[in-house]
Amino acid sequence: MKSGGATNRDHESSLATRAAWLHYAGGLTQAQVAKRLGLTSLKAHRLITRATQDGLVRVIIDGDVGECIDLEQQLINAYGLDYCEVVPDLDQDELPLKALGIAGAQFLKREIDRGEDMLIGVGHGRTLAASVEYLTRTAAAHIRFVSLLGGVTRKFAANPHDVMHRL
């Protein structure tokens with residue numbers, strides 16, 4: 001038998017999921033979600049925020065990014081690549097780590113979700129660290145990660161061993 005605290009947490013988690021679904025998938029405003037679920041607007045906002053922070057909300061944009069797709073095809077043809085993904089520039093001053101991180105995380109997630117036994121070699125750098133930052137938790141017992149590094153220097157902004165540990 002579950003304790004009252006565990007049951008309450010399960011109910012809150014379920015309510016957070018429902019509130020987030022109504023807001024993001026259902027297109028309801030937070031006020032409409034609150035009314036639908038019989039909550040205050042503040043409670044609805046907190047539940048939606050909780051669902052987002054708990055990783056229950058994922059945003060996927062399914063639109064045509066023509067310039068990126070054209071460039072991907074040019075790179076595939078020029079270098080004989082099997083796969084290439086070009087992401088839009090988010091007007092960041094330096095390396096577009098957020099865009100690259102999100103794209104890298106989505107690629108890794110797709111590969112992991114295939115369910116095949118895999119050995120993935122991991123290098124180093126800020127882009128890889130950003131990809132791991134945006135990677136959602138997933139079961140990956142069929143995946144082995146190995147470091148491709150021979151050593152570590154002080155010049156790296158992201159410690160490759162920290163990245164490996166997080167994977």
# chains A, B, ... in the order shown; residues from 1 in each chain; ligands from 1
call {"tool": "residues_around", "arguments": {"residues": "Glu116 in chain A", "least_positions_apart": "3", "cutoff": "8 Å", "atoms": "only C-alpha atoms", "output": "list in words"}}
result
Ile112, His142 and Ile143 of chain A
call {"tool": "select_by_dssp", "arguments": {"residues": "range 27-122 of chain A", "states": "alpha helix (DSSP H)", "output": "PyMOL selection string"}}
result
chain A and resi 30-37+41-53+66-79+97-113
call {"tool": "write_last_selection", "arguments": {"atoms": "N, CA and C atoms", "output": "compact mmCIF listing (two decimals), in the first residue's frame"}}
result
# COMPACT_ATOMS: atom_id res chain seq x y z
N GLN A 30 -3.25 29.17 -20.17
CA GLN A 30 -3.13 28.68 -18.79
C GLN A 30 -4.41 28.94 -18.01
N ALA A 31 -5.09 30.04 -18.30
CA ALA A 31 -6.36 30.33 -17.63
C ALA A 31 -7.41 29.28 -18.00
N GLN A 32 -7.43 28.88 -19.28
CA GLN A 32 -8.38 27.85 -19.73
C GLN A 32 -8.05 26.50 -19.11
N VAL A 33 -6.76 26.19 -18.99
CA VAL A 33 -6.34 24.94 -18.33
C VAL A 33 -6.81 24.95 -16.89
N ALA A 34 -6.61 26.07 -16.21
CA ALA A 34 -7.02 26.18 -14.81
C ALA A 34 -8.52 25.94 -14.67
N LYS A 35 -9.30 26.57 -15.52
CA LYS A 35 -10.76 26.41 -15.45
C LYS A 35 -11.15 24.96 -15.74
N ARG A 36 -10.54 24.38 -16.75
CA ARG A 36 -10.86 22.99 -17.14
C ARG A 36 -10.56 22.01 -16.03
N LEU A 37 -9.46 22.24 -15.31
CA LEU A 37 -9.04 21.31 -14.26
C LEU A 37 -9.52 21.74 -12.87
N SER A 41 -5.28 29.84 -11.57
CA SER A 41 -4.34 30.09 -12.68
C SER A 41 -2.90 29.89 -12.22
N LEU A 42 -2.60 30.30 -10.99
CA LEU A 42 -1.25 30.13 -10.46
C LEU A 42 -0.89 28.65 -10.36
N LYS A 43 -1.81 27.83 -9.89
CA LYS A 43 -1.56 26.38 -9.77
C LYS A 43 -1.34 25.76 -11.16
N ALA A 44 -2.16 26.17 -12.13
CA ALA A 44 -2.00 25.65 -13.49
C ALA A 44 -0.63 26.03 -14.04
N HIS A 45 -0.23 27.27 -13.83
CA HIS A 45 1.09 27.73 -14.28
C HIS A 45 2.21 26.90 -13.64
N ARG A 46 2.10 26.68 -12.34
CA ARG A 46 3.12 25.90 -11.63
C ARG A 46 3.18 24.46 -12.13
N LEU A 47 2.02 23.86 -12.40
CA LEU A 47 2.00 22.48 -12.90
C LEU A 47 2.63 22.39 -14.29
N ILE A 48 2.33 23.34 -15.16
CA ILE A 48 2.90 23.34 -16.51
C ILE A 48 4.41 23.55 -16.43
N THR A 49 4.84 24.44 -15.57
CA THR A 49 6.28 24.67 -15.36
C THR A 49 6.94 23.41 -14.84
N ARG A 50 6.30 22.73 -13.89
CA ARG A 50 6.86 21.49 -13.33
C ARG A 50 7.01 20.43 -14.41
N ALA A 51 5.98 20.26 -15.23
CA ALA A 51 6.05 19.26 -16.30
C ALA A 51 7.20 19.57 -17.25
N THR A 52 7.41 20.84 -17.54
CA THR A 52 8.51 21.25 -18.42
C THR A 52 9.85 20.95 -17.76
N GLN A 53 9.99 21.32 -16.49
CA GLN A 53 11.25 21.10 -15.78
C GLN A 53 11.54 19.62 -15.58
N GLY A 66 13.87 25.21 -45.70
CA GLY A 66 14.40 25.03 -47.04
C GLY A 66 15.88 25.25 -47.21
N GLU A 67 16.40 26.36 -46.70
CA GLU A 67 17.82 26.66 -46.86
C GLU A 67 18.69 25.60 -46.20
N CYS A 68 18.29 25.16 -45.04
CA CYS A 68 19.07 24.14 -44.32
C CYS A 68 19.07 22.83 -45.09
N ILE A 69 17.91 22.46 -45.61
CA ILE A 69 17.80 21.20 -46.35
C ILE A 69 18.63 21.24 -47.62
N ASP A 70 18.61 22.38 -48.33
CA ASP A 70 19.44 22.53 -49.53
C ASP A 70 20.92 22.38 -49.19
N LEU A 71 21.36 23.03 -48.12
CA LEU A 71 22.76 22.95 -47.71
C LEU A 71 23.13 21.54 -47.28
N GLU A 72 22.22 20.86 -46.59
CA GLU A 72 22.47 19.46 -46.20
C GLU A 72 22.75 18.61 -47.44
N GLN A 73 21.91 18.77 -48.45
CA GLN A 73 22.08 17.97 -49.67
C GLN A 73 23.40 18.29 -50.37
N GLN A 74 23.79 19.57 -50.39
CA GLN A 74 25.06 19.95 -50.99
C GLN A 74 26.23 19.30 -50.25
N LEU A 75 26.17 19.29 -48.92
CA LEU A 75 27.24 18.68 -48.12
C LEU A 75 27.29 17.17 -48.31
N ILE A 76 26.13 16.54 -48.37
CA ILE A 76 26.07 15.09 -48.60
C ILE A 76 26.71 14.75 -49.93
N ASN A 77 26.36 15.50 -50.97
CA ASN A 77 26.90 15.25 -52.30
C ASN A 77 28.40 15.55 -52.38
N ALA A 78 28.83 16.64 -51.78
CA ALA A 78 30.23 17.06 -51.86
C ALA A 78 31.17 16.12 -51.11
N TYR A 79 30.72 15.58 -49.99
CA TYR A 79 31.61 14.79 -49.14
C TYR A 79 31.21 13.32 -49.00
N LEU A 97 25.68 27.28 -29.89
CA LEU A 97 25.65 26.06 -29.08
C LEU A 97 24.24 25.55 -28.80
N LYS A 98 23.29 26.45 -28.61
CA LYS A 98 21.94 25.99 -28.32
C LYS A 98 21.36 25.21 -29.50
N ALA A 99 21.42 25.79 -30.69
CA ALA A 99 20.88 25.12 -31.88
C ALA A 99 21.61 23.81 -32.16
N LEU A 100 22.93 23.85 -32.06
CA LEU A 100 23.72 22.63 -32.29
C LEU A 100 23.46 21.59 -31.21
N GLY A 101 23.33 22.04 -29.97
CA GLY A 101 23.08 21.13 -28.86
C GLY A 101 21.75 20.43 -28.99
N ILE A 102 20.72 21.18 -29.34
CA ILE A 102 19.39 20.58 -29.51
C ILE A 102 19.40 19.58 -30.65
N ALA A 103 20.00 19.95 -31.78
CA ALA A 103 20.06 19.04 -32.93
C ALA A 103 20.86 17.79 -32.59
N GLY A 104 21.99 17.97 -31.92
CA GLY A 104 22.80 16.82 -31.52
C GLY A 104 22.07 15.90 -30.57
N ALA A 105 21.34 16.48 -29.62
CA ALA A 105 20.58 15.68 -28.66
C ALA A 105 19.47 14.90 -29.37
N GLN A 106 18.80 15.53 -30.31
CA GLN A 106 17.74 14.84 -31.05
C GLN A 106 18.31 13.69 -31.88
N PHE A 107 19.48 13.92 -32.48
CA PHE A 107 20.12 12.85 -33.25
C PHE A 107 20.48 11.67 -32.35
N LEU A 108 21.13 11.96 -31.20
CA LEU A 108 21.49 10.88 -30.27
C LEU A 108 20.25 10.13 -29.78
N LYS A 109 19.20 10.85 -29.46
CA LYS A 109 17.96 10.23 -28.98
C LYS A 109 17.38 9.30 -30.04
N ARG A 110 17.36 9.75 -31.29
CA ARG A 110 16.85 8.88 -32.38
C ARG A 110 17.68 7.61 -32.49
N GLU A 111 19.00 7.75 -32.40
CA GLU A 111 19.87 6.58 -32.50
C GLU A 111 19.64 5.62 -31.33
N ILE A 112 19.55 6.17 -30.13
CA ILE A 112 19.33 5.34 -28.93
C ILE A 112 17.98 4.65 -29.01
N ASP A 113 16.95 5.37 -29.45
CA ASP A 113 15.60 4.82 -29.51
C ASP A 113 15.42 3.74 -30.57
call {"tool": "closest_residue", "arguments": {"among": "A:Val57, A:Ala140, A:Val163, A:Leu148", "to": "Arg126 in chain A", "atoms": "only C-alpha atoms"}}
result
A:Val163
call {"tool": "closest_residue", "arguments": {"among": "A:Pro96, A:Gly80, A:Gly26, A:Gly55", "to": "Ser131 in chain A", "atoms": "only C-alpha atoms"}}
result
A:Pro96
call {"tool": "closest_residue", "arguments": {"among": "A:His124, A:Leu56, A:Asp82, A:Leu149", "to": "Thr136 in chain A", "atoms": "only C-alpha atoms"}}
result
A:Leu56
call {"tool": "atom_distance", "arguments": {"atom1": "CA of Ser14 in chain A", "atom2": "CA of Ala130 in chain A"}}
result
29.7 Å
call {"tool": "select_by_dssp", "arguments": {"residues": "range 4-159 of chain A", "states": "strand (DSSP E or B)", "output": "short mmCIF file (atom, residue, chain, number, x, y, z; two decimals) with C-alpha atoms, in the first residue's frame"}}
result
data_model
loop_
_atom_site.label_atom_id
_atom_site.label_comp_id
_atom_site.auth_asym_id
_atom_site.auth_seq_id
_atom_site.Cartn_x
_atom_site.Cartn_y
_atom_site.Cartn_z
CA MET A 118 25.56 0.09 -30.37
CA LEU A 119 28.98 1.31 -29.45
CA ILE A 120 29.17 5.11 -29.61
CA GLY A 121 32.55 6.83 -29.55
CA VAL A 122 32.51 10.20 -27.82
CA ILE A 143 24.32 1.29 -25.79
CA ARG A 144 27.96 1.48 -24.75
CA PHE A 145 29.73 4.82 -24.77
CA VAL A 146 33.51 4.96 -25.08
CA SER A 147 35.85 7.93 -24.97
#
call {"tool": "atom_distance", "arguments": {"atom1": "CA of Ala129 in chain A", "atom2": "CA of Ser13 in chain A"}}
result
29.2 Å
